[in-house]
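First up is the structure itself, then whatever we jot down about it.
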Amino acid sequence: MIPGRVVEIENLSFYYGAQRVLNNLSCGFAGHSICAVTGPSGSGKSTLLTTINRLWEEVDGARVEGVVKVLLDNMEIDLHESKIRLAQLRRKVGMVFQIPNPLPMSIYKNLTLPLRMAGIKNRDQQRQRVERVLQDAFLWPEVKMRLQSDARLLSGGQQQRLCIARAMILEPEILLLDEPTSSLDEGAVSEIENLLLNLKERCSLIMVSHDLEQVARIADSSVELVAGSLV
């Protein structure tokens with residue numbers, strides 16, 4: 001891999017059945033930065049993200065050709081050749097989706113569930129991590145007195161910040177974001193952008209965005225996809 005990169009893609013093509021969605025892509029994404037993936041609807045932006053955390057493997061008829069390498073724990077891993085377990089990969093490569101998707105449980109349990117699933121069951125450790133990620137997400141002052149409330153009662157912007165906090169609670173090295181602000185109002189968008197700018201000190205962010213003004217505001221670099229090809 002080229003020094004400084006955390007993801008490197010070589011000759012990547014992606015298929016749903018006979019339909020080719022990504023066409024022989026080669027590109028890379030730098031560490032501790034915000035890298036944007038832009039392009040019109042249907043150009044393959046979200047599909048590209050799924051090749052980095054192997055989410056595509058859950059789709060019937062999907063297949064990949066080419067190479068996707070990631071740098072995790074200072075080790076270069078070829079995702080399509082490595083025997084890395086999906087659970088292990090997704091602790092290191094988090095993901096946030098377009099529509100906020102808090103689980104139907106309390107704010108606190110939304111954050112401790114991934115910890116318990118990862119084997120972190122010490123309650124003091126859980127409390128410390130919960131407070132830290134909520135502080136990082138600028139949510140702590142707003143929710144610290146109602147951590148046992150249903151997470152779905154939060155506003156849309158608060159829900160998305162909670163989802164980002166949940167994605168960060170296992171301390172991933174890479175965070176994938178699929179249009180994380182497209183369903184939010186202007187005020188919530190600004191809060192999320194400030195949050196992402198702070199997070200790049202801790203991890204590497206790859207963000208799909210259709211908003212070129214947003215890309216200009218916060219992205220350090222960008223690639224553009226049109227009809228599954230880089231332009």
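Numbering starts fresh at 1 for the residues of each chain in the structure tokens, the chains themselves are lettered A, B, ... in the order given, and ligands are numbered from 1 as they appear.
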
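Residues surrounding A:Pro114 within 10 Å are Arg91, Lys109, Asn110, Leu111, Met117, Ala118, Gly119, Ile120, Arg166, Ala167, Ile169 and Leu170 of chain A [only C-alpha atoms; sequence separation below 3 positions excluded].
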
Create the file for the chosen residues now, containing N, CA and C atoms and written as a short mmCIF file (atom, residue, chain, number, x, y, z; two decimals), in the first residue's frame.
data_model
loop_
_atom_site.label_atom_id
_atom_site.label_comp_id
_atom_site.auth_asym_id
_atom_site.auth_seq_id
_atom_site.Cartn_x
_atom_site.Cartn_y
_atom_site.Cartn_z
N ARG A 91 -15.56 -4.57 13.90
CA ARG A 91 -15.15 -3.80 15.07
C ARG A 91 -14.13 -2.75 14.68
N LYS A 109 -28.44 1.45 26.53
CA LYS A 109 -28.30 0.10 25.99
C LYS A 109 -27.90 0.11 24.52
N ASN A 110 -28.28 1.15 23.78
CA ASN A 110 -27.81 1.27 22.40
C ASN A 110 -26.30 1.27 22.33
N LEU A 111 -25.67 1.82 23.36
CA LEU A 111 -24.22 1.94 23.36
C LEU A 111 -23.53 0.76 24.04
N MET A 117 -21.42 -7.46 23.19
CA MET A 117 -21.21 -8.42 22.10
C MET A 117 -19.72 -8.63 21.82
N ALA A 118 -18.92 -7.60 22.10
CA ALA A 118 -17.47 -7.70 21.91
C ALA A 118 -16.76 -8.27 23.13
N GLY A 119 -17.53 -8.63 24.16
CA GLY A 119 -16.94 -9.25 25.34
C GLY A 119 -16.51 -8.27 26.42
N ILE A 120 -16.88 -6.99 26.27
CA ILE A 120 -16.54 -5.98 27.27
C ILE A 120 -17.72 -5.87 28.24
N ARG A 166 -22.42 5.20 18.69
CA ARG A 166 -22.47 3.73 18.75
C ARG A 166 -21.43 3.11 17.84
N ALA A 167 -21.25 3.69 16.65
CA ALA A 167 -20.24 3.16 15.73
C ALA A 167 -18.83 3.36 16.26
N ILE A 169 -17.96 3.35 19.55
CA ILE A 169 -17.73 2.86 20.91
C ILE A 169 -16.74 1.71 20.96
N LEU A 170 -16.56 0.99 19.86
CA LEU A 170 -15.56 -0.08 19.81
C LEU A 170 -14.22 0.42 19.27
#

Wanna dump the stretch 125-179 of chain A-stretch 207-224 of chain A contacts at 12 Å for me, each residue with its shortest atom pair and the distance in Å to one decimal, counting only C-alpha atoms, ordered by chain and number, as a tab-separated table?
residue	atom	partner	partner_atom	distance
A:Ile174	CA	A:Met207	CA	10.7
A:Leu175	CA	A:Met207	CA	8.3
A:Leu176	CA	A:Met207	CA	5.9
A:Leu177	CA	A:Met207	CA	4.6
A:Asp178	CA	A:Val208	CA	4.9
A:Glu179	CA	A:Ser209	CA	4.9

Would you tabulate, counting only C-alpha atoms, all residues of stretch 58-136 of chain A that have an atom at most 12 Å from an atom of stretch 199-202 of chain A, showing the closest pair of atoms and their distance in Å to one decimal, sorted by chain then ascending number, as CSV?
residue,atom,partner,partner_atom,distance
A:Val133,CA,A:Leu199,CA,10.3
A:Gln135,CA,A:Leu199,CA,11.6
A:Asp136,CA,A:Leu199,CA,7.8

### Task
Identify, on the basis of only C-alpha atoms, every residue whose closest approach to stretch 103-108 of chain A does not exceed 7 Å; exclude the query and any residue fewer than 4 positions from it along the same chain; express the result as a PyMOL selection string.
chain A and resi 112+147-152

Could you write those residues out with N, CA and C atoms, as a compact mmCIF listing (two decimals), in the first residue's frame?
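Saved as again.txt:
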# COMPACT_ATOMS: atom_id res chain seq x y z
N THR A 112 -24.17 0.17 25.03
CA THR A 112 -23.51 -0.95 25.72
C THR A 112 -23.70 -2.28 25.00
N LEU A 147 -30.45 8.76 30.21
CA LEU A 147 -29.81 7.66 29.50
C LEU A 147 -30.69 6.43 29.41
N GLN A 148 -31.67 6.31 30.32
CA GLN A 148 -32.56 5.15 30.28
C GLN A 148 -33.80 5.40 29.43
N SER A 149 -33.90 6.56 28.80
CA SER A 149 -35.03 6.85 27.92
C SER A 149 -34.87 6.14 26.58
N ASP A 150 -35.99 5.90 25.93
CA ASP A 150 -35.99 5.26 24.62
C ASP A 150 -35.23 6.13 23.62
N ALA A 151 -34.25 5.56 22.96
CA ALA A 151 -33.42 6.32 22.01
C ALA A 151 -34.24 6.86 20.86
N ARG A 152 -35.37 6.23 20.56
CA ARG A 152 -36.19 6.67 19.42
C ARG A 152 -36.93 7.97 19.72

### Query
Could you name the residues that touch A:Ser204 at 9 Å or less, counting only C-alpha atoms, but leaving out those on the same chain fewer than 5 positions away, as a ChimeraX atom specification?
/A:6,29-35,172-176,199

Could the residues in this selection be written to a file with N, CA and C atoms, as an mmCIF file, in the first residue's frame?
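Below is the file part-v1.cif, written as the result:
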data_model
loop_
_atom_site.group_PDB
_atom_site.id
_atom_site.type_symbol
_atom_site.label_atom_id
_atom_site.label_comp_id
_atom_site.auth_asym_id
_atom_site.auth_seq_id
_atom_site.Cartn_x
_atom_site.Cartn_y
_atom_site.Cartn_z
ATOM 1 N N VAL A 6 -5.059 4.099 4.228
ATOM 2 C CA VAL A 6 -5.623 3.042 5.069
ATOM 3 C C VAL A 6 -6.514 2.102 4.264
ATOM 4 N N PHE A 29 -7.616 5.725 -0.050
ATOM 5 C CA PHE A 29 -8.135 6.669 0.935
ATOM 6 C C PHE A 29 -7.110 6.844 2.047
ATOM 7 N N ALA A 30 -6.818 8.095 2.370
ATOM 8 C CA ALA A 30 -5.773 8.412 3.345
ATOM 9 C C ALA A 30 -6.274 8.271 4.774
ATOM 10 N N GLY A 31 -5.323 8.057 5.674
ATOM 11 C CA GLY A 31 -5.651 7.922 7.085
ATOM 12 C C GLY A 31 -5.859 9.257 7.770
ATOM 13 N N HIS A 32 -6.651 9.234 8.840
ATOM 14 C CA HIS A 32 -6.933 10.401 9.676
ATOM 15 C C HIS A 32 -7.317 11.614 8.833
ATOM 16 N N SER A 33 -8.266 11.371 7.956
ATOM 17 C CA SER A 33 -8.795 12.436 7.114
ATOM 18 C C SER A 33 -10.239 12.090 6.784
ATOM 19 N N ILE A 34 -10.943 13.052 6.192
ATOM 20 C CA ILE A 34 -12.288 12.804 5.680
ATOM 21 C C ILE A 34 -12.187 12.709 4.169
ATOM 22 N N CYS A 35 -12.444 11.535 3.645
ATOM 23 C CA CYS A 35 -12.406 11.296 2.205
ATOM 24 C C CYS A 35 -13.844 11.150 1.717
ATOM 25 N N PRO A 172 -13.188 1.999 16.328
ATOM 26 C CA PRO A 172 -12.766 1.539 15.003
ATOM 27 C C PRO A 172 -11.635 2.396 14.454
ATOM 28 N N GLU A 173 -10.889 1.825 13.536
ATOM 29 C CA GLU A 173 -9.824 2.577 12.875
ATOM 30 C C GLU A 173 -10.336 3.287 11.631
ATOM 31 N N ILE A 174 -11.409 2.760 11.052
ATOM 32 C CA ILE A 174 -12.019 3.347 9.858
ATOM 33 C C ILE A 174 -13.514 3.477 10.124
ATOM 34 N N LEU A 175 -14.102 4.618 9.742
ATOM 35 C CA LEU A 175 -15.540 4.819 9.871
ATOM 36 C C LEU A 175 -16.111 5.149 8.500
ATOM 37 N N LEU A 176 -17.064 4.332 8.050
ATOM 38 C CA LEU A 176 -17.753 4.536 6.784
ATOM 39 C C LEU A 176 -19.073 5.242 7.063
ATOM 40 N N LEU A 199 -13.693 13.844 14.804
ATOM 41 C CA LEU A 199 -13.423 12.404 14.824
ATOM 42 C C LEU A 199 -12.208 12.012 13.997
#

### Query
Using only C-alpha atoms, which of A:Leu115, A:Leu184, A:Ala18, A:Leu197 sits nearest A:Arg127?
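So, comparing all the options, the nearest one is A:Leu115.
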
### Query
Which is closer to A:Val67 than all the others in A:Gly187, A:Leu22, A:Asn11, A:Gly4, using only C-alpha atoms?
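Of all the options, A:Asn11 lies closest to A:Val67.
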
### Query
Looking only at the backbone, which of the residues in stretch 46-195 of chain A does DSSP tag as strand (DSSP E), as a VMD selection string?
chain A and resid 62 to 72 75 to 78 93 to 96 174 to 178

Contacts between stretch 155-163 of chain A and stretch 57-150 of chain A, please, where a residue of stretch 57-150 of chain A counts if it comes within 9 Å (with only C-alpha atoms); show its shortest atom pair and distance in Å to one decimal, rows by chain and ascending number, as a Markdown table.
| residue | atom | partner | partner_atom | distance |
| --- | --- | --- | --- | --- |
| A:Val96 | CA | A:Cys163 | CA | 6.6 |
| A:Phe97 | CA | A:Cys163 | CA | 8.5 |
| A:Gln98 | CA | A:Gln160 | CA | 8.8 |
| A:Ile99 | CA | A:Gln160 | CA | 7.7 |
| A:Pro100 | CA | A:Gln160 | CA | 4.9 |
| A:Asn101 | CA | A:Cys163 | CA | 6.9 |
| A:Pro102 | CA | A:Cys163 | CA | 6.4 |
| A:Ile107 | CA | A:Leu162 | CA | 7.9 |
| A:Asn110 | CA | A:Leu162 | CA | 8.3 |
| A:Leu111 | CA | A:Leu162 | CA | 8.3 |
| A:Val133 | CA | A:Leu162 | CA | 8.8 |
| A:Leu134 | CA | A:Leu162 | CA | 7.4 |
| A:Ala137 | CA | A:Arg161 | CA | 5.8 |
| A:Phe138 | CA | A:Arg161 | CA | 7.9 |
| A:Leu139 | CA | A:Gln158 | CA | 7.2 |
| A:Glu142 | CA | A:Gln158 | CA | 8.9 |

### Task
For A:Ala227, work out the shell of residues within 8 Å, counting only C-alpha atoms and skipping chain neighbours fewer than 6 positions away, then give it as an MDAnalysis selection string.
chainID A and resid 21:22 42:44

### Task
Tell me which protein, DNA and RNA residues are within 10 Å of A:Arg20, counting only C-alpha atoms, leaving out same-chain ones fewer than 2 positions away, and put them as a list of chain:residue names.
A:Ser13, A:Phe14, A:Tyr15, A:Tyr16, A:Gly17, A:Ala18, A:Leu22, A:Asn23, A:Asn24, A:Gly44, A:Ala62, A:Arg63, A:Val64, A:Ala227, A:Gly228

### Query
Taking only C-alpha atoms into account, which of A:Gly66, A:Gly94, A:Gly61, A:Pro180 comes nearest A:Glu81?
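Smallest distance to A:Glu81 is found for A:Gly66.
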
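Nearest residue to A:Ile77, choosing from A:Ala188, A:Ile52, A:Glu57, A:Asn194 and counting only C-alpha atoms: A:Ile52.
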
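Here atom CA of A:Asp73 stands at a distance of 13.2 Å from atom CA of A:Arg5.
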